[in-house]
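Here is the file target.cif (mmCIF, C-alpha atoms).
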```cif
data_query
#
loop_
_atom_site.label_atom_id
_atom_site.label_comp_id
_atom_site.auth_asym_id
_atom_site.auth_seq_id
_atom_site.Cartn_x
_atom_site.Cartn_y
_atom_site.Cartn_z
CA MET M 955 117.77 139.72 123.63
CA PRO M 956 119.42 137.74 126.48
CA VAL M 957 122.51 135.76 125.56
CA GLU M 958 122.61 132.12 126.59
CA THR M 959 125.54 131.35 128.88
CA ARG M 960 127.75 128.30 128.50
CA ALA M 961 126.29 126.79 131.68
CA GLU M 962 122.74 127.19 130.40
CA SER M 963 123.71 125.71 127.04
CA THR M 964 125.38 122.75 128.71
CA GLN M 965 122.33 122.21 130.93
CA ARG M 966 120.03 122.33 127.91
CA THR M 967 122.03 119.86 125.82
CA THR M 968 123.06 117.44 128.60
CA PRO M 969 120.70 114.50 129.27
CA ARG M 970 119.11 114.35 132.70
CA PRO M 971 118.36 110.85 134.08
CA GLY M 972 115.31 111.96 136.07
CA ARG M 973 113.65 113.70 133.14
CA SER M 974 114.64 110.85 130.87
CA VAL M 975 112.87 108.23 133.01
CA ALA M 976 109.76 110.39 133.26
CA ALA M 977 109.64 111.09 129.53
CA ILE M 978 110.12 107.43 128.66
CA GLY M 979 107.39 106.50 131.14
CA VAL M 980 104.95 108.94 129.52
CA LEU M 981 105.88 107.58 126.09
CA LEU M 982 105.26 103.97 127.16
CA ALA M 983 101.94 104.97 128.71
CA ILE M 984 100.80 106.58 125.46
CA VAL M 985 101.89 103.51 123.50
CA ALA M 986 99.90 101.32 125.92
CA VAL M 987 96.79 103.51 125.45
CA LEU M 988 97.13 103.34 121.68
CA TRP M 989 97.57 99.57 121.81
CA TRP M 990 94.48 99.28 124.01
CA SER M 991 92.57 101.50 121.58
CA VAL M 992 93.43 99.22 118.68
CA GLY M 993 92.08 96.25 120.60
CA PHE M 994 89.02 98.28 121.56
CA LEU M 995 88.25 99.09 117.93
CA ALA M 996 88.77 95.45 116.93
CA ASP M 997 86.15 94.25 119.45
CA PRO M 998 82.59 94.85 118.14
CA ALA M 999 81.06 94.70 121.64
CA ALA M 1000 83.65 96.89 123.37
CA PHE M 1001 81.69 100.11 122.89
CA ASP M 1002 78.58 98.42 124.32
CA ARG M 1003 80.47 97.57 127.51
CA VAL M 1004 81.82 101.11 127.81
CA VAL M 1005 78.37 102.68 127.43
CA ALA M 1006 76.83 100.19 129.87
CA GLY M 1007 79.59 100.92 132.39
CA LEU M 1008 79.04 104.68 132.09
CA LEU M 1009 75.28 104.23 132.60
CA ARG M 1010 75.87 102.14 135.72
CA PHE M 1011 78.28 104.78 137.00
CA VAL M 1012 75.59 107.48 136.77
CA GLY M 1013 72.97 105.18 138.32
CA ALA M 1014 71.00 104.14 135.22
CA ASP M 1015 71.15 100.42 135.97
CA GLY M 1016 68.06 99.57 133.91
CA SER M 1017 69.41 101.13 130.73
CA ALA M 1018 72.79 99.50 131.34
CA ALA M 1019 71.17 96.07 131.72
CA ALA M 1020 69.18 96.59 128.50
CA ILE M 1021 72.34 97.44 126.60
CA GLU M 1022 74.15 94.44 128.05
CA GLN M 1023 71.33 92.16 126.91
CA ARG M 1024 70.46 93.59 123.49
CA GLY M 1025 73.49 95.74 122.68
CA LEU M 1026 73.55 99.08 120.92
CA THR M 1027 72.16 99.62 117.45
CA PRO M 1028 74.62 99.12 114.54
CA VAL M 1029 74.54 102.84 113.80
CA SER M 1030 75.42 103.73 117.40
CA ARG M 1031 78.29 101.26 117.38
CA LYS M 1032 79.69 102.68 114.17
CA LEU M 1033 79.40 106.25 115.42
CA GLY M 1034 81.09 105.35 118.69
CA SER M 1035 83.90 103.47 116.98
CA ALA M 1036 84.36 106.37 114.57
CA ALA M 1037 84.62 108.83 117.48
CA VAL M 1038 87.21 106.67 119.25
CA ALA M 1039 89.17 106.20 116.02
CA LEU M 1040 89.15 109.95 115.39
CA VAL M 1041 90.37 110.78 118.89
CA VAL M 1042 93.03 108.09 118.82
CA GLY M 1043 94.07 108.70 115.23
CA VAL M 1044 94.54 112.45 115.66
CA GLY M 1045 95.11 113.15 119.34
CA GLY M 1046 96.86 109.88 120.14
CA VAL M 1047 99.33 110.07 117.29
CA TRP M 1048 100.03 113.74 118.06
CA ALA M 1049 100.67 112.89 121.73
CA LEU M 1050 102.90 109.97 120.67
CA PHE M 1051 105.12 112.22 118.54
CA VAL M 1052 105.33 114.91 121.22
CA ALA M 1053 106.20 112.39 123.93
CA ALA M 1054 108.77 110.64 121.74
CA ASN M 1055 110.38 113.97 120.87
CA ARG M 1056 110.67 114.95 124.54
CA ALA M 1057 112.03 111.51 125.43
CA ILE M 1058 114.77 111.95 122.84
CA ASP M 1059 115.61 115.42 124.19
CA ALA M 1060 115.82 114.13 127.75
CA THR M 1061 117.74 110.93 127.01
CA PHE M 1062 120.37 111.68 124.36
CA GLY M 1063 123.02 114.29 123.77
CA LEU M 1064 122.74 117.02 121.15
CA ARG M 1065 124.57 115.21 118.35
CA THR M 1066 122.81 111.90 118.92
CA ARG M 1067 119.35 113.42 119.15
CA GLU M 1068 119.79 115.27 115.85
CA LYS M 1069 120.59 111.94 114.21
CA ILE M 1070 117.66 110.14 115.81
CA ARG M 1071 114.97 112.83 115.49
CA PRO M 1072 114.42 112.56 111.70
CA TRP M 1073 113.83 108.81 112.04
CA LEU M 1074 111.22 109.53 114.69
CA PHE M 1075 109.00 111.23 112.15
CA VAL M 1076 109.70 109.15 109.05
CA GLY M 1077 109.89 105.87 110.97
CA PRO M 1078 106.11 105.25 111.18
CA GLY M 1079 105.73 105.92 107.46
CA ILE M 1080 108.58 103.56 106.64
CA GLY M 1081 107.06 100.98 108.96
CA LEU M 1082 103.68 101.20 107.23
CA ILE M 1083 105.32 100.91 103.82
CA PHE M 1084 107.18 97.83 105.01
CA LEU M 1085 104.05 96.33 106.54
CA TYR M 1086 101.56 97.02 103.76
CA LEU M 1087 103.76 97.07 100.65
CA LEU M 1088 107.07 95.28 101.11
CA LEU M 1089 105.87 92.31 103.15
CA PRO M 1090 102.91 91.54 100.83
CA MET M 1091 105.23 91.84 97.83
CA LEU M 1092 107.70 89.37 99.35
CA GLY M 1093 104.81 87.06 100.25
CA THR M 1094 103.49 87.23 96.70
CA ILE M 1095 106.89 86.39 95.24
CA TYR M 1096 107.24 83.45 97.65
CA ARG M 1097 103.73 82.19 96.82
CA SER M 1098 104.42 82.33 93.10
CA PHE M 1099 107.19 79.72 93.54
CA THR M 1100 105.17 77.48 95.88
CA ASP M 1101 102.80 74.65 94.99
CA ASN M 1102 99.75 73.56 96.97
CA ASP M 1103 101.90 71.31 99.16
CA GLY M 1104 104.38 74.08 100.02
CA GLY M 1105 107.14 72.84 97.73
CA PHE M 1106 109.14 74.78 95.17
CA THR M 1107 107.72 74.91 91.65
CA LEU M 1108 107.98 76.84 88.39
CA SER M 1109 104.68 75.56 87.04
CA HIS M 1110 102.88 78.83 87.74
CA TYR M 1111 105.28 80.77 85.52
CA GLN M 1112 105.22 77.98 82.94
CA PHE M 1113 101.45 78.31 82.78
CA ALA M 1114 101.63 82.11 82.55
CA LEU M 1115 104.11 82.03 79.65
CA THR M 1116 102.82 79.06 77.65
CA ASP M 1117 99.05 78.70 78.13
CA PRO M 1118 97.13 79.90 75.01
CA SER M 1119 94.63 81.90 77.05
CA MET M 1120 97.47 83.65 78.87
CA LEU M 1121 99.27 84.39 75.61
CA LEU M 1122 96.09 86.03 74.35
CA ALA M 1123 95.90 88.09 77.55
CA PHE M 1124 99.51 89.20 77.08
CA ARG M 1125 98.77 90.08 73.45
CA ASN M 1126 95.81 92.19 74.54
CA ASN M 1127 97.98 93.89 77.16
CA VAL M 1128 100.55 94.76 74.51
CA LEU M 1129 97.81 96.25 72.32
CA TRP M 1130 96.60 98.29 75.29
CA LEU M 1131 100.09 99.53 76.10
CA VAL M 1132 101.02 100.46 72.54
CA PHE M 1133 97.80 102.01 71.27
CA GLY M 1134 96.47 103.27 74.61
CA THR M 1135 99.66 105.04 75.64
CA THR M 1136 100.45 106.36 72.16
CA GLY M 1137 96.90 107.53 71.54
CA SER M 1138 96.61 109.30 74.89
CA VAL M 1139 99.96 111.07 74.47
CA LEU M 1140 99.45 112.11 70.83
CA ILE M 1141 95.91 113.38 71.31
CA GLY M 1142 96.89 115.05 74.59
CA VAL M 1143 99.77 116.88 72.90
CA GLY M 1144 97.50 117.91 70.04
CA PHE M 1145 94.80 119.26 72.33
CA ALA M 1146 97.40 121.05 74.46
CA ALA M 1147 98.77 122.84 71.40
CA LEU M 1148 95.29 123.78 70.20
CA VAL M 1149 93.78 125.02 73.47
CA ASP M 1150 96.86 127.16 73.99
CA ARG M 1151 95.60 129.35 71.13
CA VAL M 1152 91.89 129.70 71.95
CA LYS M 1153 90.42 132.65 73.80
CA ARG M 1154 88.53 130.71 76.46
CA GLU M 1155 91.31 128.26 77.21
CA ALA M 1156 90.08 127.32 80.69
CA LEU M 1157 86.62 126.42 79.40
CA ALA M 1158 88.03 124.29 76.60
CA LYS M 1159 90.35 122.49 79.00
CA SER M 1160 87.45 121.84 81.37
CA PHE M 1161 85.46 120.00 78.69
CA ILE M 1162 88.47 117.88 77.67
CA PHE M 1163 89.48 117.18 81.26
CA LEU M 1164 85.92 116.33 82.37
CA PRO M 1165 86.05 112.58 81.52
CA LEU M 1166 88.92 112.12 83.98
CA SER M 1167 86.54 113.00 86.83
CA ILE M 1168 84.47 109.92 85.97
CA SER M 1169 85.40 106.61 87.53
CA PHE M 1170 86.56 103.78 85.27
CA VAL M 1171 83.41 101.83 86.08
CA GLY M 1172 81.18 104.81 85.29
CA ALA M 1173 82.99 105.43 82.01
CA SER M 1174 82.62 101.75 81.13
CA VAL M 1175 78.86 101.87 81.69
CA ILE M 1176 78.59 105.01 79.52
CA TRP M 1177 80.55 103.47 76.66
CA ARG M 1178 78.59 100.23 76.83
CA PHE M 1179 75.58 102.30 75.82
CA VAL M 1180 77.65 103.93 73.07
CA TYR M 1181 78.66 100.51 71.70
CA ALA M 1182 75.28 98.84 72.30
CA TRP M 1183 74.07 96.59 69.49
CA GLN M 1184 70.66 95.27 68.45
CA PRO M 1185 69.94 92.84 65.60
CA GLU M 1186 69.20 94.33 62.20
CA GLY M 1187 65.68 95.68 61.91
CA GLN M 1188 65.38 96.60 65.59
CA PRO M 1189 65.85 100.12 66.99
CA GLN M 1190 69.50 100.75 67.81
CA THR M 1191 70.08 102.14 71.31
CA GLY M 1192 73.83 102.48 70.81
CA LEU M 1193 75.08 105.77 69.41
CA ILE M 1194 77.60 104.27 66.98
CA ASN M 1195 75.24 101.66 65.56
CA ALA M 1196 72.48 104.26 65.29
CA ILE M 1197 74.83 106.34 63.11
CA ILE M 1198 75.87 103.27 61.08
CA THR M 1199 72.29 102.20 60.39
CA GLY M 1200 71.38 105.80 59.65
CA PHE M 1201 73.72 105.64 56.66
CA GLY M 1202 72.09 102.42 55.47
CA PHE M 1203 74.65 99.89 56.74
CA GLU M 1204 74.13 96.87 58.96
CA PRO M 1205 74.72 97.28 62.72
CA VAL M 1206 78.06 96.00 64.00
CA PRO M 1207 78.34 94.02 67.28
CA ILE M 1208 81.45 95.93 68.31
CA LEU M 1209 81.93 94.27 71.69
CA SER M 1210 81.61 90.77 70.23
CA LEU M 1211 84.11 90.96 67.36
CA SER M 1212 87.77 90.24 68.11
CA PRO M 1213 90.12 92.12 68.05
CA LEU M 1214 87.75 95.03 67.35
CA ASN M 1215 86.35 94.76 70.87
CA THR M 1216 89.82 95.22 72.41
CA PHE M 1217 90.41 98.39 70.39
CA ALA M 1218 86.93 99.61 71.38
CA LEU M 1219 87.92 99.26 75.04
CA ILE M 1220 91.23 101.02 74.40
CA VAL M 1221 89.27 104.00 73.07
CA VAL M 1222 87.62 104.34 76.49
CA MET M 1223 91.01 104.53 78.21
CA ILE M 1224 92.23 107.13 75.71
CA TRP M 1225 89.05 109.13 76.33
CA LEU M 1226 89.80 109.08 80.07
CA GLN M 1227 93.54 109.78 79.95
CA THR M 1228 93.62 112.47 77.24
CA GLY M 1229 92.53 115.20 79.66
CA PHE M 1230 95.28 114.33 82.11
CA ALA M 1231 97.91 114.37 79.36
CA MET M 1232 96.57 117.63 77.92
CA VAL M 1233 96.79 119.52 81.23
CA ILE M 1234 100.40 118.45 81.85
CA PHE M 1235 101.46 119.15 78.27
CA SER M 1236 99.73 122.53 78.27
CA ALA M 1237 101.73 123.59 81.34
CA ALA M 1238 104.93 122.34 79.69
CA ILE M 1239 104.24 124.23 76.46
CA LYS M 1240 103.67 127.44 78.40
CA SER M 1241 107.09 127.00 80.03
CA VAL M 1242 108.87 127.05 76.66
CA PRO M 1243 110.67 130.43 76.39
CA SER M 1244 108.79 132.74 74.05
CA GLU M 1245 112.09 134.19 72.82
CA VAL M 1246 113.07 130.88 71.27
CA ILE M 1247 109.73 130.57 69.48
CA GLU M 1248 109.84 134.15 68.21
CA ALA M 1249 113.42 133.64 66.96
CA ALA M 1250 112.32 130.57 65.01
CA ARG M 1251 109.42 132.50 63.46
CA LEU M 1252 111.73 135.34 62.47
CA ASP M 1253 113.91 132.76 60.72
CA GLY M 1254 110.90 131.82 58.60
CA ALA M 1255 109.72 128.69 60.40
CA GLY M 1256 106.01 127.98 60.12
CA GLU M 1257 103.76 127.05 63.02
CA PHE M 1258 103.98 123.33 62.33
CA VAL M 1259 107.78 123.46 62.09
CA VAL M 1260 107.97 125.48 65.32
CA PHE M 1261 105.83 122.93 67.09
CA LEU M 1262 107.71 119.94 65.64
CA ARG M 1263 111.29 121.26 65.87
CA ILE M 1264 111.16 123.64 68.84
CA ILE M 1265 108.30 122.86 71.23
CA LEU M 1266 108.30 119.06 71.14
CA PRO M 1267 112.04 118.66 71.80
CA MET M 1268 111.84 121.11 74.70
CA ILE M 1269 108.98 119.20 76.38
CA ARG M 1270 110.46 115.77 75.66
CA GLY M 1271 111.04 115.08 79.36
CA THR M 1272 107.41 115.89 80.17
CA ILE M 1273 106.22 113.63 77.36
CA LEU M 1274 108.27 110.75 78.76
CA THR M 1275 106.96 111.32 82.27
CA VAL M 1276 103.32 111.43 81.15
CA ALA M 1277 103.81 108.42 78.87
CA THR M 1278 105.26 106.32 81.70
CA ALA M 1279 102.46 107.33 84.07
CA ILE M 1280 99.81 106.34 81.51
CA PHE M 1281 101.79 103.19 80.68
CA ILE M 1282 101.67 102.02 84.29
CA ALA M 1283 97.95 102.87 84.60
CA ILE M 1284 97.15 100.91 81.43
CA LEU M 1285 99.31 97.98 82.49
CA LYS M 1286 97.04 97.52 85.52
CA VAL M 1287 93.78 98.08 83.61
CA PHE M 1288 90.94 96.01 85.05
CA ASP M 1289 87.70 97.94 85.47
CA ILE M 1290 87.06 98.72 81.81
CA VAL M 1291 87.74 95.18 80.64
CA TRP M 1292 85.71 93.62 83.44
CA VAL M 1293 82.63 95.84 83.07
CA MET M 1294 82.51 96.15 79.28
CA GLY M 1295 83.74 92.63 78.62
CA ARG M 1296 81.03 91.18 80.87
CA GLY M 1297 83.39 89.75 83.42
CA GLY M 1298 86.52 89.77 81.29
CA ASN M 1299 85.56 87.39 78.46
CA PHE M 1300 88.18 85.37 76.62
CA ASP M 1301 88.56 87.78 73.67
CA THR M 1302 89.23 90.93 75.73
CA GLU M 1303 90.97 89.38 78.72
CA VAL M 1304 94.13 91.07 80.04
CA VAL M 1305 96.62 90.02 82.70
CA ALA M 1306 94.83 91.86 85.53
CA THR M 1307 91.45 90.25 84.83
CA ARG M 1308 93.04 86.82 84.52
CA MET M 1309 94.86 87.35 87.80
CA PHE M 1310 91.52 88.19 89.45
CA LYS M 1311 89.93 85.04 88.04
CA GLU M 1312 92.79 82.80 89.12
CA MET M 1313 92.65 84.15 92.67
CA PHE M 1314 88.94 84.61 93.40
CA GLN M 1315 87.20 82.26 90.96
CA PHE M 1316 89.63 79.37 90.55
CA GLN M 1317 91.28 79.76 94.02
CA ASN M 1318 94.68 79.26 92.39
CA PHE M 1319 96.76 81.67 94.43
CA GLY M 1320 100.09 80.52 93.00
CA ARG M 1321 99.14 81.40 89.43
CA ALA M 1322 97.65 84.72 90.52
CA SER M 1323 100.85 85.52 92.42
CA ALA M 1324 102.98 84.66 89.38
CA LEU M 1325 100.94 87.04 87.23
CA ALA M 1326 101.32 89.78 89.85
CA VAL M 1327 105.10 89.25 89.87
CA LEU M 1328 105.22 89.47 86.06
CA LEU M 1329 103.35 92.79 86.19
CA LEU M 1330 105.83 94.01 88.81
CA LEU M 1331 108.76 93.05 86.59
CA VAL M 1332 107.30 95.07 83.72
CA VAL M 1333 106.63 98.11 85.92
CA ILE M 1334 110.11 98.27 87.51
CA PRO M 1335 112.10 99.29 84.37
CA VAL M 1336 109.43 101.85 83.46
CA MET M 1337 109.74 103.39 86.93
CA VAL M 1338 113.54 103.44 86.62
CA VAL M 1339 113.29 105.28 83.29
CA ASN M 1340 110.84 107.75 84.81
CA ILE M 1341 113.06 108.43 87.85
CA ARG M 1342 116.13 108.97 85.67
CA ASN M 1343 114.17 111.33 83.47
CA MET M 1344 113.03 113.33 86.50
CA ASN M 1345 116.61 113.48 87.78
CA ARG M 1346 117.77 114.86 84.41
CA GLN M 1347 115.13 117.56 84.71
CA GLY M 1348 116.35 118.44 88.19
CA VAL M 1349 113.24 117.20 90.02
CA GLY M 1350 114.15 116.42 93.61
CA ALA M 1351 117.65 117.85 93.23
#
```
In structure tokens, write the structure found in this file.
Amino acid sequence: MPVETRAESTQRTTPRPGRSVAAIGVLLAIVAVLWWSVGFLADPAAFDRVVAGLLRFVGADGSAAAIEQRGLTPVSRKLGSAAVALVVGVGGVWALFVAANRAIDATFGLRTREKIRPWLFVGPGIGLIFLYLLLPMLGTIYRSFTDNDGGFTLSHYQFALTDPSMLLAFRNNVLWLVFGTTGSVLIGVGFAALVDRVKREALAKSFIFLPLSISFVGASVIWRFVYAWQPEGQPQTGLINAIITGFGFEPVPILSLSPLNTFALIVVMIWLQTGFAMVIFSAAIKSVPSEVIEAARLDGAGEFVVFLRIILPMIRGTILTVATAIFIAILKVFDIVWVMGRGGNFDTEVVATRMFKEMFQFQNFGRASALAVLLLLVVIPVMVVNIRNMNRQGVGA
């Protein structure tokens, strides 16, 4: 293997002005093409002009004139835009990274380029996060403190924390968080411990995990049929009321009785999240050292004691992680309440549905922004707890 001489090493690591100018020129050209492509995709008639120009170039003036007058079909436009977006999105971004990398090599010294190069690759991601997450968040916070005339106000937060309808929404959210999170975690742990002992474990897990593959809207439609109610004396189409009337009792309008309807909706979330919790807990239980369990059994501990005193403490970090993930998902619950509550009625309303109403029905963007900020304030400490728990477990270390 040839050994690199000091002269060759110096030549490789020393910037060259000529190569630097050329590399920067190529980089700027690629940026210009990408910028033009974005404008091209934003113009609905741009693809029509390109096709008409190509037809004129090959001599098909009649077809070009027809396209200029009537335009392409919507399907042709979409297919053309998709092709351009695919080429630009894959090939253009790849060329941009390659050109930027070569420009760095040709412009900066070895130490400087090693400091700049990582930012070259993570920079676009950070920029997108700033553009699509941080800026909207800052705008939402600003809007929550602004009245219709652009002045400072606290009335939006006063409404959110004092209005009776909002207090009911907060109460419902608390019920969701307490019973939904607790139910999902407890049932998930129970199922994880049980399926760990069956012969066909994968098949059992598949049946329990299956509801998670259903969208929230689809699950809501299914459970509306389960809770369906008809007046007494009429055939009951809902499963639960069919069972109730089968035992000689009167049918119960589950989705119309408060707070029973809120708990009925929470059951749907538990049904969806139990499979997720079970899979994570099952993997955690399998990671518990068998020697510890066998030692406890030799000391005379029963299966329940082993599970309660040995397994649960050793998967405590996993339980906290799963609980916080479900907590955040439930905090933002919208689909189930909106579909099963027929547009988020007053009895089952939660913060997310009220935020939607304030923004899109009442056009009160300040109140909607204040509710979004309150949800953010609740999520932040939960995320901090989750991150600290993951650090204690050595995740990301």
Checklist outcome for this item: Residue with the minimum atom-to-atom distance to Leu1008 (chain M), picked from M:Ile1176, M:Val1233, M:Ile1021, M:Val1052 with only C-alpha atoms counted, is M:Ile1021
Next on the checklist: Take the PyMOL selection byres ((chain M and resi 1120-1133) around 9), run it mentally on this structure, and tell me the resulting residues as a PyMOL selection string.
Outcome noted: chain M and resi 1113-1119+1134-1138+1213+1216-1217+1219-1221+1223-1224+1280-1282+1284-1285+1287+1300-1308
Using the chain letters and numbers from this file, what does the PyMOL selection byres ((chain M and resi 1145) around 10) select? Give the answer as an mmCIF file with C-alpha atoms, keeping the file's coordinate frame.
```cif
data_model
loop_
_atom_site.group_PDB
_atom_site.id
_atom_site.type_symbol
_atom_site.label_atom_id
_atom_site.label_comp_id
_atom_site.auth_asym_id
_atom_site.auth_seq_id
_atom_site.Cartn_x
_atom_site.Cartn_y
_atom_site.Cartn_z
ATOM 1 C CA VAL M 1139 99.960 111.070 74.470
ATOM 2 C CA LEU M 1140 99.450 112.110 70.830
ATOM 3 C CA ILE M 1141 95.910 113.380 71.310
ATOM 4 C CA GLY M 1142 96.890 115.050 74.590
ATOM 5 C CA VAL M 1143 99.770 116.880 72.900
ATOM 6 C CA GLY M 1144 97.500 117.910 70.040
ATOM 7 C CA ALA M 1146 97.400 121.050 74.460
ATOM 8 C CA ALA M 1147 98.770 122.840 71.400
ATOM 9 C CA LEU M 1148 95.290 123.780 70.200
ATOM 10 C CA VAL M 1149 93.780 125.020 73.470
ATOM 11 C CA ASP M 1150 96.860 127.160 73.990
ATOM 12 C CA ALA M 1158 88.030 124.290 76.600
ATOM 13 C CA LYS M 1159 90.350 122.490 79.000
ATOM 14 C CA ILE M 1162 88.470 117.880 77.670
ATOM 15 C CA THR M 1228 93.620 112.470 77.240
ATOM 16 C CA GLY M 1229 92.530 115.200 79.660
ATOM 17 C CA ALA M 1231 97.910 114.370 79.360
ATOM 18 C CA MET M 1232 96.570 117.630 77.920
ATOM 19 C CA VAL M 1233 96.790 119.520 81.230
ATOM 20 C CA PHE M 1235 101.460 119.150 78.270
ATOM 21 C CA SER M 1236 99.730 122.530 78.270
#
```
Next on the checklist: as an NGL selection string, please: the residues near region 1046-1051 of chain M (cut-off 12 Å, only C-alpha atoms, same-chain neighbours under 4 positions excluded).
Outcome noted: :M and (977-992 or 1038-1042 or 1055-1058 or 1071-1078)
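Put simply, CA of Phe1201 (chain M) is 16.6 Å away from CA of Tyr1181 (chain M).
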Item to check | Non-local contacts of Pro1207 (chain M) (10 Å; all atoms listed in the file; under 2 positions in same chain excluded) as number ranges by chain | outcome: M: 1181-1185, 1195, 1204-1205, 1209-1211, 1214-1215
Could the residues in this selection be saved with C-alpha atoms as a PDB file, in the coordinates of the input?
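As written to disk, part-v1.pdb reads:
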```pdb
ATOM      1  CA  TYR M1181      78.660 100.510  71.700  1.00  0.00           C
ATOM      2  CA  ALA M1182      75.280  98.840  72.300  1.00  0.00           C
ATOM      3  CA  TRP M1183      74.070  96.590  69.490  1.00  0.00           C
ATOM      4  CA  GLN M1184      70.660  95.270  68.450  1.00  0.00           C
ATOM      5  CA  PRO M1185      69.940  92.840  65.600  1.00  0.00           C
ATOM      6  CA  ASN M1195      75.240 101.660  65.560  1.00  0.00           C
ATOM      7  CA  GLU M1204      74.130  96.870  58.960  1.00  0.00           C
ATOM      8  CA  PRO M1205      74.720  97.280  62.720  1.00  0.00           C
ATOM      9  CA  LEU M1209      81.930  94.270  71.690  1.00  0.00           C
ATOM     10  CA  SER M1210      81.610  90.770  70.230  1.00  0.00           C
ATOM     11  CA  LEU M1211      84.110  90.960  67.360  1.00  0.00           C
ATOM     12  CA  LEU M1214      87.750  95.030  67.350  1.00  0.00           C
ATOM     13  CA  ASN M1215      86.350  94.760  70.870  1.00  0.00           C
TER      14      ASN M1215
END
```
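Closest approach to Ser1160 (chain M) among M:Phe1230, M:Trp1292, M:Phe1258, M:Phe1084 is made by M:Phe1230 (distances from all atoms listed in the file).
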Next on the checklist: Expand the PyMOL selection byres ((chain M and resi 1095) around 12) into the explicit residue set it covers here, and present it as a VMD selection string.
Outcome noted: chain M and resid 1088 to 1094 1096 to 1100 1106 1108 1110 to 1111 1319 to 1331
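Coordinates place CA of Leu1087 (chain M) at a distance of 25.5 Å from CA of Val1171 (chain M).
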Next on the checklist: Which residues are close to Pro998 (chain M), i.e. within 12 Å by all atoms listed in the file, leaving aside same-chain residues fewer than 5 positions away? Reply as a VMD selection string.
Outcome noted: chain M and resid 992 to 993 1003 to 1004 1025 to 1028 1030 to 1032 1034 to 1035
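Residue nearest Leu1226 (chain M), chosen from M:Pro1165, M:Gly1079, M:Gly1105, M:Pro1267 and counting only C-alpha atoms: M:Pro1165.
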Checklist entry - Which residues come within 9 Å of Val1293 (chain M), counting only C-alpha atoms, excluding same-chain residues fewer than 5 positions away, as JSON, numbers by chain? => result {"M": [1171, 1174, 1175, 1178, 1288, 1298]}
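Between CA of Ala996 (chain M) and CA of Ala1054 (chain M) lies a distance of 25.6 Å.
Distance annotation: of M:Ile1290, M:Leu1166, M:Leu1157, M:Leu1266, the residue with the minimal separation from Val1222 (chain M) is M:Ile1290; atom set is only C-alpha atoms.
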Subset file as a PDB file, in the first residue's frame: region 1118-1140 of chain M, C-alpha atoms:
```pdb
ATOM      1  CA  PRO M1118     -67.682  26.774  32.738  1.00  0.00           C
ATOM      2  CA  SER M1119     -67.531  24.976  29.392  1.00  0.00           C
ATOM      3  CA  MET M1120     -63.741  25.080  29.467  1.00  0.00           C
ATOM      4  CA  LEU M1121     -63.640  23.822  33.046  1.00  0.00           C
ATOM      5  CA  LEU M1122     -65.766  20.876  31.943  1.00  0.00           C
ATOM      6  CA  ALA M1123     -63.354  20.227  29.066  1.00  0.00           C
ATOM      7  CA  PHE M1124     -60.417  20.285  31.488  1.00  0.00           C
ATOM      8  CA  ARG M1125     -62.274  17.919  33.817  1.00  0.00           C
ATOM      9  CA  ASN M1126     -62.876  15.520  30.944  1.00  0.00           C
ATOM     10  CA  ASN M1127     -59.203  15.740  29.980  1.00  0.00           C
ATOM     11  CA  VAL M1128     -58.194  14.856  33.533  1.00  0.00           C
ATOM     12  CA  LEU M1129     -60.514  11.832  33.447  1.00  0.00           C
ATOM     13  CA  TRP M1130     -58.964  10.781  30.145  1.00  0.00           C
ATOM     14  CA  LEU M1131     -55.431  11.170  31.463  1.00  0.00           C
ATOM     15  CA  VAL M1132     -56.026   9.335  34.738  1.00  0.00           C
ATOM     16  CA  PHE M1133     -58.219   6.447  33.630  1.00  0.00           C
ATOM     17  CA  GLY M1134     -56.963   6.162  30.047  1.00  0.00           C
ATOM     18  CA  THR M1135     -53.283   6.075  30.956  1.00  0.00           C
ATOM     19  CA  THR M1136     -53.751   3.893  34.031  1.00  0.00           C
ATOM     20  CA  GLY M1137     -56.057   1.469  32.255  1.00  0.00           C
ATOM     21  CA  SER M1138     -53.787   1.091  29.232  1.00  0.00           C
ATOM     22  CA  VAL M1139     -50.695   0.514  31.384  1.00  0.00           C
ATOM     23  CA  LEU M1140     -52.310  -1.915  33.841  1.00  0.00           C
TER      24      LEU M1140
END
```
